[in-house]
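This report refers to the structure that appears directly beneath it.
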Amino acid sequence: MSLTVRPQTSRRAKISAIGTYVPPRVLTNADLEKMVETNDQWIVERTGIRERHILEKGLATSDMAVEAAKNCLAERGIDPTEIEVIIVATVTPDMLFPATACLVQDKLGAKGAWGFDLSAACSGFVYALQTGCKLVESGAHSKVLVIGADTMSSILDYTDRATCILFGDGAGAVLIEPAEVGELGMIDFAHEIDGSGGCSLYMPAGGSLNPPSAETVAKKMHYVHQDGQAVYKYAVRKMAEATEKVLTRAGITGADLGCFIPHQANKRIILSTAERLGMPLDRVIINIDRYGNTTAATIPLAMQTAREEGRLKKDDLVLLASVGAGFTVGAALLRWEI
């Protein structure tokens with residue numbers, strides 16, 4: 001018997017292109033004042049959010065993901081058929097199955113690609129990013145499309161002022177490829193989960209524990225449920241711990257970073273983390289005022305904001321960080337190579 005074994009390889013991985021998409025409809029704080037007992041000042045002071053984008057009825061997460069992917073591939077100048085793997089980070093898939101990645105592959109025309117969905121809530125993008133990088137670093141693949149996309153408006157109770165003000169819809173995609181000679185790309189990461197916090201931010205029905213029924217619908221069990229104080233306290237602590245861990249291992253400080261791109265859940269959490277890292281605020285990317293919390297899409301959307309504002313440049317050291325339902329925690333250090 002003659003057996004051919006793929007040789008083991010080791011190489012670095014980098015982000016080579018990015019594309020984003022948000023739906024055109026905008027829901028402002030003034031609009032929410034007409035829907036639920038709240039006001040613009042209260043929302044801005046506690047969260048930093050002024051408006052968010054909402055997907056139209058009849059469209060779904062895969063539609064936004066495809067638009068972001070198209071923009072990403074257009075920037076790189078490659079055809080969808082060159083994509084080898086598609087990873088979609090989302091907690092709002094079009095349906096439980098098939099995976100949203102399958103729907104994206106078909107709509108995009110990425111013939112020959114394989115893929116899957118990844119569920120890690122607000123940490124979904126950094127988890128998917130690291131997974132895509134490892135597939136490239138191993139030599140198994142050379143073009144991996146990583147997408148963070150969520151239609152949070154589809155699981156919000158717009159009579160619950162504690163949650164409906166926080167979230168918006170959007171998508172962001174990055175292409176992961178092998179780094180060239182002299183490029184660093186992805187440097188390090190630190191991920192963690194703490195399942196004991198699962199009861200603090202969750203959607204109680206729709207899975208195998210509480211399948212959909214007239215009762216689960218009547219009890220509003222298909223909406224986001226959140227213990228805001230518990231989530232806030234955990235996020236403030238863990239966002240800082242994860243970022244400090246990555247920086248310490250790399251032997252650098254916040255002052256060495258060109259850019260800090262955190263998950264956009266709450267402006268106060270972001271500022272608290274930046275202060276602990278000793279980050280100058282002009283290097284901290286905040287766009288929560290325009291988009292709200294788009295869950296898995298926030299970090300790629302913030303990457304795009306940073307580029308558009310001229311605050312993310314080639315060779316910058318970039319720190320990503322997130323905390324999400326689960327609880328999930330993620331941080332990643334990379335050098336921007338675009």
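Labels for the structure tokens follow display order: chains A, B, ..., residues from 1 in each chain, ligands from 1.
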
Which of segment 40-269 of chain A DSSP labels strand (DSSP E), written as a PyMOL selection string: chain A and resi 51-53+85-89+114-118+144-151+169-178+186-193+201-202+225-226+259-262

Within 9 Å of segment 291-313 of chain A, which residues of segment 75-116 of chain A show up? Give each one with its shortest atom-to-atom distance in Å (one decimal) and the two atoms involved, counting only C-alpha atoms, rows by chain then rising residue number, as CSV.
```
residue,atom,partner,partner_atom,distance
A:Ala89,CA,A:Ala296,CA,6.1
A:Thr90,CA,A:Ala296,CA,6.0
A:Val91,CA,A:Ala296,CA,8.0
```

Straight-line distance linking atom CA of Thr9 of chain A with atom CA of Asp188 of chain A, stated in Å to one decimal: 18.6 Å

Contacts of segment 127-133 of chain A at 8 Å (only C-alpha atoms; same-chain gap of 6+ positions) as number ranges by chain: A: 13-14, 87-89, 118, 120, 144-147, 176-177, 186, 189, 191, 330

Members of segment 224-282 of chain A assigned alpha helix (DSSP H) by DSSP, as a ChimeraX atom specification: /A:228-250,267-277

Contact residues around Leu73 of chain A with only C-alpha atoms at 9 Å, ignoring same-chain residues under 5 positions, as an NGL selection string: :A and (17-19 or 68 or 78-80 or 174-175)

Contact check, segment 95-209 of chain A to segment 34-48 of chain A, at most 12 Å, counting only C-alpha atoms, closest pairs as a tab-separated table:
```
residue	atom	partner	partner_atom	distance
A:Asp157	CA	A:Val36	CA	10.3
A:Tyr158	CA	A:Val36	CA	7.1
A:Thr159	CA	A:Val36	CA	5.8
A:Asp160	CA	A:Val36	CA	7.4
A:Arg161	CA	A:Val36	CA	6.1
A:Ala162	CA	A:Thr38	CA	9.2
A:Thr163	CA	A:Val36	CA	10.9
A:Cys164	CA	A:Val36	CA	8.9
A:Ile165	CA	A:Ile43	CA	7.2
A:Leu166	CA	A:Thr47	CA	7.6
A:Phe167	CA	A:Thr47	CA	10.7
```

Could you turn the residues from that selection into a file that holds N, CA, C and O atoms, as a CSV table (one decimal), in the first residue's frame?
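For reference, selection.csv as written:
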```
chain,number,residue,atom,x,y,z
A,157,ASP,N,-37.2,42.0,22.9
A,157,ASP,CA,-38.6,42.4,23.3
A,157,ASP,C,-38.6,44.0,23.4
A,157,ASP,O,-38.0,44.5,24.3
A,158,TYR,N,-39.3,44.6,22.4
A,158,TYR,CA,-39.3,46.0,22.4
A,158,TYR,C,-40.2,46.7,23.4
A,158,TYR,O,-40.6,47.9,23.3
A,159,THR,N,-40.7,45.9,24.4
A,159,THR,CA,-41.4,46.5,25.5
A,159,THR,C,-40.4,46.4,26.8
A,159,THR,O,-40.8,46.8,27.8
A,160,ASP,N,-39.3,45.8,26.6
A,160,ASP,CA,-38.3,45.7,27.7
A,160,ASP,C,-37.2,46.7,27.5
A,160,ASP,O,-36.3,46.5,26.8
A,161,ARG,N,-37.3,47.8,28.3
A,161,ARG,CA,-36.4,48.9,28.1
A,161,ARG,C,-35.0,48.6,28.5
A,161,ARG,O,-34.0,49.3,28.2
A,162,ALA,N,-34.8,47.5,29.3
A,162,ALA,CA,-33.5,47.2,29.8
A,162,ALA,C,-32.6,46.5,28.7
A,162,ALA,O,-31.4,46.6,28.7
A,163,THR,N,-33.3,45.9,27.7
A,163,THR,CA,-32.5,45.2,26.6
A,163,THR,C,-32.7,45.8,25.2
A,163,THR,O,-31.7,45.9,24.4
A,164,CYS,N,-33.9,46.3,24.9
A,164,CYS,CA,-34.1,46.8,23.5
A,164,CYS,C,-33.3,48.0,23.1
A,164,CYS,O,-33.1,48.2,21.9
A,165,ILE,N,-32.8,48.7,24.1
A,165,ILE,CA,-32.0,49.9,23.8
A,165,ILE,C,-30.6,49.6,23.4
A,165,ILE,O,-29.9,50.4,22.8
A,166,LEU,N,-30.2,48.4,23.7
A,166,LEU,CA,-28.7,48.1,23.7
A,166,LEU,C,-28.3,47.6,22.3
A,166,LEU,O,-27.1,47.8,21.9
A,167,PHE,N,-29.1,46.9,21.6
A,167,PHE,CA,-28.6,46.1,20.4
A,167,PHE,C,-29.0,46.7,19.1
A,167,PHE,O,-30.1,47.3,18.9
```

Neighbour list for Ala235 of chain A as a ChimeraX atom specification, cut-off 9 Å, only C-alpha atoms, skip fewer than 5 positions in-chain: /A:230,240,269,322-324,329

Pro98 of chain A environment, 10 Å, only C-alpha atoms, sequence neighbours closer than 5 positions dropped, as a ChimeraX atom specification: /A:93,103,116-117

Write the residues of the selection above to a file with N, CA, C and O atoms, as a PDB file, in the first residue's frame.
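What landed in out-v2.pdb:
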```
ATOM      1  N   PRO A  93     -28.730  32.786  14.007  1.00  0.00           N
ATOM      2  CA  PRO A  93     -28.697  32.129  12.704  1.00  0.00           C
ATOM      3  C   PRO A  93     -30.061  32.252  12.021  1.00  0.00           C
ATOM      4  O   PRO A  93     -31.078  32.476  12.681  1.00  0.00           O
ATOM      5  N   LEU A 103     -25.773  28.632   4.103  1.00  0.00           N
ATOM      6  CA  LEU A 103     -26.584  29.578   3.345  1.00  0.00           C
ATOM      7  C   LEU A 103     -25.707  30.651   2.714  1.00  0.00           C
ATOM      8  O   LEU A 103     -25.917  31.055   1.568  1.00  0.00           O
ATOM      9  N   PHE A 116     -18.833  26.332   8.833  1.00  0.00           N
ATOM     10  CA  PHE A 116     -19.668  26.050   9.990  1.00  0.00           C
ATOM     11  C   PHE A 116     -19.978  27.347  10.724  1.00  0.00           C
ATOM     12  O   PHE A 116     -19.327  28.373  10.501  1.00  0.00           O
ATOM     13  N   ASP A 117     -20.962  27.268  11.622  1.00  0.00           N
ATOM     14  CA  ASP A 117     -21.283  28.393  12.492  1.00  0.00           C
ATOM     15  C   ASP A 117     -20.559  28.241  13.822  1.00  0.00           C
ATOM     16  O   ASP A 117     -20.272  27.112  14.260  1.00  0.00           O
TER      17      ASP A 117
END
```

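Shortest separation to Asp227 of chain A among A:Thr248, A:Ser208, A:Asn29, A:Ala325 occurs at residue A:Ala325, atoms counted being only C-alpha atoms.
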
Selected residue, from A:Arg290, A:His141, A:Arg268, A:Arg12, that lies nearest to Ile49 of chain A when counting only C-alpha atoms: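 Ranking A:Arg290, A:His141, A:Arg268, A:Arg12 by distance to Ile49 of chain A, first place goes to A:Arg290.
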
Nearest to Pro7 of chain A by atom-to-atom distance, counting only C-alpha atoms, from A:Gly207, A:Gly172, A:Gly139, A:Gly326: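 Residue with the minimum atom-to-atom distance to Pro7 of chain A: A:Gly139.
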
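Close contacts of segment 255-264 of chain A, defined as residues with an atom at most 6 Å away when counting only C-alpha atoms, with chain neighbours fewer than 3 positions off set aside, comprise A:Met279, A:Arg283, A:Val284, A:Ile285, A:Ile288, A:Asn293, A:Thr298, A:Ile299, A:Asp316, A:Leu317, A:Val318, A:Leu319, A:Leu320, A:Ala321, A:Ser322.
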
File of the preceding selection, all heavy atoms, as an mmCIF file, in the first residue's frame:
```cif
data_model
loop_
_atom_site.group_PDB
_atom_site.id
_atom_site.type_symbol
_atom_site.label_atom_id
_atom_site.label_comp_id
_atom_site.auth_asym_id
_atom_site.auth_seq_id
_atom_site.Cartn_x
_atom_site.Cartn_y
_atom_site.Cartn_z
ATOM 1 N N MET A 279 -4.155 53.243 28.016
ATOM 2 C CA MET A 279 -4.302 53.561 26.599
ATOM 3 C C MET A 279 -4.737 55.003 26.396
ATOM 4 O O MET A 279 -5.736 55.432 26.972
ATOM 5 C CB MET A 279 -5.358 52.646 25.971
ATOM 6 C CG MET A 279 -4.907 51.242 25.678
ATOM 7 S SD MET A 279 -3.725 51.156 24.331
ATOM 8 C CE MET A 279 -4.669 51.840 22.985
ATOM 9 N N ARG A 283 -6.448 56.350 20.741
ATOM 10 C CA ARG A 283 -6.142 55.050 20.135
ATOM 11 C C ARG A 283 -7.210 54.001 20.462
ATOM 12 O O ARG A 283 -7.062 52.831 20.116
ATOM 13 C CB ARG A 283 -4.784 54.549 20.630
ATOM 14 C CG ARG A 283 -3.626 55.457 20.244
ATOM 15 C CD ARG A 283 -2.317 54.810 20.618
ATOM 16 N NE ARG A 283 -1.271 55.810 20.839
ATOM 17 C CZ ARG A 283 -0.088 55.549 21.372
ATOM 18 N NH1 ARG A 283 0.208 54.310 21.739
ATOM 19 N NH2 ARG A 283 0.799 56.508 21.549
ATOM 20 N N VAL A 284 -8.264 54.403 21.136
ATOM 21 C CA VAL A 284 -9.357 53.499 21.502
ATOM 22 C C VAL A 284 -10.521 53.725 20.545
ATOM 23 O O VAL A 284 -11.021 54.848 20.418
ATOM 24 C CB VAL A 284 -9.812 53.741 22.951
ATOM 25 C CG1 VAL A 284 -10.945 52.781 23.313
ATOM 26 C CG2 VAL A 284 -8.639 53.589 23.914
ATOM 27 N N ILE A 285 -10.937 52.667 19.865
ATOM 28 C CA ILE A 285 -11.985 52.802 18.863
ATOM 29 C C ILE A 285 -13.351 52.598 19.511
ATOM 30 O O ILE A 285 -13.638 51.540 20.085
ATOM 31 C CB ILE A 285 -11.795 51.791 17.715
ATOM 32 C CG1 ILE A 285 -10.375 51.901 17.144
ATOM 33 C CG2 ILE A 285 -12.846 52.014 16.632
ATOM 34 C CD1 ILE A 285 -9.981 53.290 16.682
ATOM 35 N N ILE A 288 -19.929 52.710 19.259
ATOM 36 C CA ILE A 288 -21.182 52.213 19.809
ATOM 37 C C ILE A 288 -22.306 53.225 19.658
ATOM 38 O O ILE A 288 -23.483 52.864 19.576
ATOM 39 C CB ILE A 288 -21.004 51.815 21.297
ATOM 40 C CG1 ILE A 288 -22.237 51.058 21.798
ATOM 41 C CG2 ILE A 288 -20.686 53.028 22.163
ATOM 42 C CD1 ILE A 288 -22.083 50.502 23.191
ATOM 43 N N ASN A 293 -24.871 47.601 20.186
ATOM 44 C CA ASN A 293 -24.194 46.317 20.332
ATOM 45 C C ASN A 293 -24.688 45.367 19.243
ATOM 46 O O ASN A 293 -25.813 44.878 19.313
ATOM 47 C CB ASN A 293 -24.474 45.744 21.725
ATOM 48 C CG ASN A 293 -23.752 44.424 21.973
ATOM 49 O OD1 ASN A 293 -23.153 43.845 21.065
ATOM 50 N ND2 ASN A 293 -23.815 43.940 23.200
ATOM 51 N N THR A 298 -19.550 43.568 16.136
ATOM 52 C CA THR A 298 -19.037 44.849 16.629
ATOM 53 C C THR A 298 -17.555 45.078 16.326
ATOM 54 O O THR A 298 -17.167 46.178 15.936
ATOM 55 C CB THR A 298 -19.234 45.010 18.152
ATOM 56 O OG1 THR A 298 -18.400 44.090 18.852
ATOM 57 C CG2 THR A 298 -20.667 44.824 18.568
ATOM 58 N N ILE A 299 -16.728 44.065 16.486
ATOM 59 C CA ILE A 299 -15.292 44.274 16.293
ATOM 60 C C ILE A 299 -14.930 44.531 14.833
ATOM 61 O O ILE A 299 -14.196 45.483 14.534
ATOM 62 C CB ILE A 299 -14.477 43.124 16.915
ATOM 63 C CG1 ILE A 299 -14.527 43.250 18.448
ATOM 64 C CG2 ILE A 299 -13.039 43.135 16.420
ATOM 65 C CD1 ILE A 299 -13.796 42.176 19.204
ATOM 66 N N ASP A 316 0.557 48.714 12.501
ATOM 67 C CA ASP A 316 0.081 48.997 13.863
ATOM 68 C C ASP A 316 -0.087 47.699 14.647
ATOM 69 O O ASP A 316 -0.566 46.692 14.101
ATOM 70 C CB ASP A 316 -1.283 49.698 13.825
ATOM 71 C CG ASP A 316 -1.186 51.194 13.639
ATOM 72 O OD1 ASP A 316 -0.059 51.724 13.682
ATOM 73 O OD2 ASP A 316 -2.238 51.841 13.450
ATOM 74 N N LEU A 317 0.303 47.724 15.916
ATOM 75 C CA LEU A 317 -0.061 46.634 16.816
ATOM 76 C C LEU A 317 -1.489 46.887 17.269
ATOM 77 O O LEU A 317 -1.824 47.984 17.737
ATOM 78 C CB LEU A 317 0.870 46.597 18.027
ATOM 79 C CG LEU A 317 2.277 46.045 17.785
ATOM 80 C CD1 LEU A 317 3.104 46.152 19.062
ATOM 81 C CD2 LEU A 317 2.221 44.590 17.309
ATOM 82 N N VAL A 318 -2.343 45.874 17.135
ATOM 83 C CA VAL A 318 -3.767 46.023 17.403
ATOM 84 C C VAL A 318 -4.206 45.006 18.454
ATOM 85 O O VAL A 318 -3.859 43.824 18.369
ATOM 86 C CB VAL A 318 -4.596 45.819 16.111
ATOM 87 C CG1 VAL A 318 -6.080 45.990 16.396
ATOM 88 C CG2 VAL A 318 -4.146 46.789 15.026
ATOM 89 N N LEU A 319 -4.948 45.477 19.432
ATOM 90 C CA LEU A 319 -5.485 44.604 20.475
ATOM 91 C C LEU A 319 -6.993 44.541 20.341
ATOM 92 O O LEU A 319 -7.673 45.575 20.284
ATOM 93 C CB LEU A 319 -5.104 45.145 21.857
ATOM 94 C CG LEU A 319 -5.562 44.320 23.066
ATOM 95 C CD1 LEU A 319 -4.872 42.958 23.082
ATOM 96 C CD2 LEU A 319 -5.273 45.080 24.361
ATOM 97 N N LEU A 320 -7.532 43.328 20.275
ATOM 98 C CA LEU A 320 -8.978 43.097 20.237
ATOM 99 C C LEU A 320 -9.399 42.493 21.569
ATOM 100 O O LEU A 320 -8.641 41.730 22.172
ATOM 101 C CB LEU A 320 -9.350 42.129 19.110
ATOM 102 C CG LEU A 320 -8.730 42.352 17.732
ATOM 103 C CD1 LEU A 320 -9.184 41.249 16.778
ATOM 104 C CD2 LEU A 320 -9.094 43.716 17.189
ATOM 105 N N ALA A 321 -10.613 42.806 22.024
ATOM 106 C CA ALA A 321 -11.077 42.228 23.291
ATOM 107 C C ALA A 321 -12.592 42.179 23.327
ATOM 108 O O ALA A 321 -13.268 43.062 22.780
ATOM 109 C CB ALA A 321 -10.553 43.044 24.473
ATOM 110 N N SER A 322 -13.122 41.154 23.998
ATOM 111 C CA SER A 322 -14.580 41.018 24.097
ATOM 112 C C SER A 322 -14.971 40.169 25.296
ATOM 113 O O SER A 322 -14.194 39.336 25.776
ATOM 114 C CB SER A 322 -15.135 40.382 22.823
ATOM 115 O OG SER A 322 -14.618 39.063 22.677
#
```

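Considering the residues A:Glu51, A:Asp63, A:Asp94, A:Glu244 and counting only C-alpha atoms, Asn287 of chain A has its shortest atom-to-atom contact with A:Glu51.
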
Counting only C-alpha atoms, the residue of A:Ala30, A:Val136, A:Ala110, A:Val224 that sits nearest Gly185 of chain A: A:Val136

Among listed residues A:Lys143, A:Gly170, A:Met152, A:Met64, nearest Lys107 of chain A (using only C-alpha atoms): A:Met64
